[in-house]
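Participant: I'd like to ask you about the structure that follows.
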Amino acid sequence: MTWLEGSTLGHFMRESGPWTYAIVNLAHILGIASLFGAILIIDLRLLGLWRRVPLVALAATAPTVAACGLALALVSGTGLLATKATEYVGNPFIYIKFPAIALGILNAMAVRRSAAWRERSSRPLTPAETRRLAWMGGLSLASWLTAIAAGRLIAYW
Ligand code: HEM
């Protein structure tokens with residue numbers, strides 16, 4: 001945290017004008033909104049809503065929006081953190097937020113690697129595969145909601 005705060009990014013965030021933090025914070029929110037908005041649709045579909053909408057149709061668009069949103073949140077979040085990184089060390093919510101983000105990312109990678117997701121367009125899924133995808137959709141929702149709640153609560157500690 002000391003290294004991050006003293007880095008070029010930390011200096012830039014603190015010394016480049018009064019609007020820098022606000023604009024980067026706005027980018028963070030836009031990233032989170034794109035990530036969660038897209039992932040919510042996928043997760044609810046995996047949990048069994050809108051079964052008539054083929055997974056293939058969702059998979060063609062929503063994951064790209066979610067990935068771009070995540071990239072924006074990661075880049076802007078690093079800028080926010082660098083502004084006063086050492087002040088966050090005792091904040092319990094960062095120790096909830098970052099593992100929740102890691103879990104959300106690992107879970108998304110597990111969904112992408114699963115046979116059910118990869119073969120979604122070539123054959124109908126078995127009931128066991130549908131159940132497994134539903135569990136992963138539930139875990140995804142739990143991870144991202146935890147990350148968002150903990151991220152917001154950082155300011156209240
Ligand atoms: C490398 C990744 C990330 C870093 C380093 C990071 C860091 C930060 C920092 C330092 C803040 C400001 C805390 C404060 O109020 O002082 C913040 C706010 C926040 N972050 Fe992140 N973040 C990252 C990714 C994410 C992701 C992926 C999500 C959600 C899925 C998220 C959700 C939030 C939320 C909801 C806020 C509150 C924004 C506001 O109310 O203005 N963050 N983040």
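Residue numbers start at 1 in each chain; chains themselves are named A, B, ... in the order of the structure tokens; ligands are numbered from 1 in the order shown.
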Residues of chain A that approach ligand 1 to 7 Å or less, counting only C-alpha atoms and all ligand atoms: could you list each one with the shortest pair of atoms and its distance in Å to one decimal, rows by chain and increasing residue number, as JSON lines?

Facilitator:
{"residue": "A:Asn25", "atom": "CA", "partner": "ligand 1", "partner_atom_place_in_ligand_line": "41 (O)", "distance": 6.0}
{"residue": "A:His28", "atom": "CA", "partner": "ligand 1", "partner_atom_place_in_ligand_line": "21 (Fe)", "distance": 6.7}
{"residue": "A:Ile29", "atom": "CA", "partner": "ligand 1", "partner_atom_place_in_ligand_line": "38 (C)", "distance": 6.2}
{"residue": "A:Ile32", "atom": "CA", "partner": "ligand 1", "partner_atom_place_in_ligand_line": "29 (C)", "distance": 5.0}
{"residue": "A:Leu35", "atom": "CA", "partner": "ligand 1", "partner_atom_place_in_ligand_line": "30 (C)", "distance": 6.8}
{"residue": "A:Phe36", "atom": "CA", "partner": "ligand 1", "partner_atom_place_in_ligand_line": "30 (C)", "distance": 6.6}
{"residue": "A:Leu70", "atom": "CA", "partner": "ligand 1", "partner_atom_place_in_ligand_line": "27 (C)", "distance": 5.7}
{"residue": "A:Ala73", "atom": "CA", "partner": "ligand 1", "partner_atom_place_in_ligand_line": "24 (C)", "distance": 4.9}
{"residue": "A:Leu74", "atom": "CA", "partner": "ligand 1", "partner_atom_place_in_ligand_line": "2 (C)", "distance": 3.9}
{"residue": "A:Val75", "atom": "CA", "partner": "ligand 1", "partner_atom_place_in_ligand_line": "1 (C)", "distance": 6.4}
{"residue": "A:Gly77", "atom": "CA", "partner": "ligand 1", "partner_atom_place_in_ligand_line": "6 (C)", "distance": 3.5}
{"residue": "A:Thr78", "atom": "CA", "partner": "ligand 1", "partner_atom_place_in_ligand_line": "5 (C)", "distance": 4.0}
{"residue": "A:Leu80", "atom": "CA", "partner": "ligand 1", "partner_atom_place_in_ligand_line": "10 (C)", "distance": 4.3}
{"residue": "A:Leu81", "atom": "CA", "partner": "ligand 1", "partner_atom_place_in_ligand_line": "10 (C)", "distance": 3.6}
{"residue": "A:Ile101", "atom": "CA", "partner": "ligand 1", "partner_atom_place_in_ligand_line": "27 (C)", "distance": 5.7}
{"residue": "A:Trp144", "atom": "CA", "partner": "ligand 1", "partner_atom_place_in_ligand_line": "30 (C)", "distance": 5.2}
{"residue": "A:Ala147", "atom": "CA", "partner": "ligand 1", "partner_atom_place_in_ligand_line": "29 (C)", "distance": 5.0}
{"residue": "A:Ile148", "atom": "CA", "partner": "ligand 1", "partner_atom_place_in_ligand_line": "35 (C)", "distance": 4.1}
{"residue": "A:Ala149", "atom": "CA", "partner": "ligand 1", "partner_atom_place_in_ligand_line": "35 (C)", "distance": 6.1}
{"residue": "A:Gly151", "atom": "CA", "partner": "ligand 1", "partner_atom_place_in_ligand_line": "34 (C)", "distance": 3.8}
{"residue": "A:Arg152", "atom": "CA", "partner": "ligand 1", "partner_atom_place_in_ligand_line": "37 (C)", "distance": 3.7}
{"residue": "A:Ile154", "atom": "CA", "partner": "ligand 1", "partner_atom_place_in_ligand_line": "13 (C)", "distance": 5.2}
{"residue": "A:Ala155", "atom": "CA", "partner": "ligand 1", "partner_atom_place_in_ligand_line": "15 (O)", "distance": 3.9}

Participant: Within 12 Å of stretch 49-61 of chain A, counting only C-alpha atoms, which residues show up once you throw out same-chain ones fewer than 3 positions away? Write them as a PyMOL selection string, please.

Facilitator: chain A and resi 38-46+64-68+111-112+116-125+130+133-134+137

Participant: Would you work out the distance separating atom CA of A:Gly79 from atom CA of A:Val24, expressed in Å to one decimal?

Facilitator: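 Value for the atom CA of A:Gly79-atom CA of A:Val24 distance: 7.2 Å.
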
Participant: Rank nothing, just name the residue among A:Leu106, A:Ala115, A:Ala85, A:Leu72 nearest to A:Leu139, using only C-alpha atoms.

Facilitator: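 Residue with the minimum atom-to-atom distance to A:Leu139: A:Leu106.
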
Participant: So the first atom is atom CA of A:Pro63 and the second is atom CA of A:Ala142; what is the distance between them in Å, to one decimal place?

Facilitator: 17.5 Å

Participant: Pick from A:Leu47, A:Leu26, A:Leu145, A:Ala33: nearest to A:Lys97, with only C-alpha atoms counted?

Facilitator: A:Leu145

Participant: Determine, counting only C-alpha atoms, which protein, DNA and RNA residues have an atom within 7 Å of an atom of stretch 6-10 of chain A; residues of the same chain fewer than 2 positions away are not included. Present the result as an MDAnalysis selection string.

Facilitator: chainID A and resid 2:4 12:14 79 82:83

Participant: Those residues you just picked out, can you put them in a file as a PDB file, in the first residue's frame with N, CA, C and O atoms?

Facilitator:
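That gives us result-v5.pdb:
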ATOM      1  N   THR A   2       2.001   1.207   0.779  1.00  0.00           N
ATOM      2  CA  THR A   2       2.912   2.358   0.817  1.00  0.00           C
ATOM      3  C   THR A   2       3.500   2.579  -0.575  1.00  0.00           C
ATOM      4  O   THR A   2       3.575   3.719  -1.055  1.00  0.00           O
ATOM      5  N   TRP A   3       3.898   1.469  -1.215  1.00  0.00           N
ATOM      6  CA  TRP A   3       4.463   1.567  -2.563  1.00  0.00           C
ATOM      7  C   TRP A   3       3.422   2.149  -3.528  1.00  0.00           C
ATOM      8  O   TRP A   3       3.728   3.062  -4.305  1.00  0.00           O
ATOM      9  N   LEU A   4       2.178   1.667  -3.442  1.00  0.00           N
ATOM     10  CA  LEU A   4       1.128   2.123  -4.372  1.00  0.00           C
ATOM     11  C   LEU A   4       0.835   3.611  -4.170  1.00  0.00           C
ATOM     12  O   LEU A   4       0.712   4.370  -5.128  1.00  0.00           O
ATOM     13  N   PHE A  12      -0.257  11.120  -9.380  1.00  0.00           N
ATOM     14  CA  PHE A  12      -1.161  11.667 -10.402  1.00  0.00           C
ATOM     15  C   PHE A  12      -2.568  11.859  -9.815  1.00  0.00           C
ATOM     16  O   PHE A  12      -3.188  12.914 -10.002  1.00  0.00           O
ATOM     17  N   MET A  13      -3.056  10.857  -9.099  1.00  0.00           N
ATOM     18  CA  MET A  13      -4.419  10.929  -8.548  1.00  0.00           C
ATOM     19  C   MET A  13      -4.565  12.096  -7.564  1.00  0.00           C
ATOM     20  O   MET A  13      -5.606  12.737  -7.499  1.00  0.00           O
ATOM     21  N   ARG A  14      -3.519  12.372  -6.792  1.00  0.00           N
ATOM     22  CA  ARG A  14      -3.621  13.420  -5.761  1.00  0.00           C
ATOM     23  C   ARG A  14      -3.310  14.819  -6.292  1.00  0.00           C
ATOM     24  O   ARG A  14      -3.825  15.806  -5.773  1.00  0.00           O
ATOM     25  N   GLY A  79      -6.695   3.171  -9.362  1.00  0.00           N
ATOM     26  CA  GLY A  79      -6.461   4.614  -9.220  1.00  0.00           C
ATOM     27  C   GLY A  79      -7.042   5.140  -7.914  1.00  0.00           C
ATOM     28  O   GLY A  79      -6.377   5.887  -7.182  1.00  0.00           O
ATOM     29  N   ALA A  82      -4.904   3.960  -5.032  1.00  0.00           N
ATOM     30  CA  ALA A  82      -3.577   4.590  -4.981  1.00  0.00           C
ATOM     31  C   ALA A  82      -3.630   5.981  -4.344  1.00  0.00           C
ATOM     32  O   ALA A  82      -2.636   6.457  -3.802  1.00  0.00           O
ATOM     33  N   THR A  83      -4.809   6.628  -4.392  1.00  0.00           N
ATOM     34  CA  THR A  83      -4.930   7.990  -3.868  1.00  0.00           C
ATOM     35  C   THR A  83      -4.511   8.075  -2.402  1.00  0.00           C
ATOM     36  O   THR A  83      -3.792   8.992  -1.996  1.00  0.00           O
TER      37      THR A  83
END
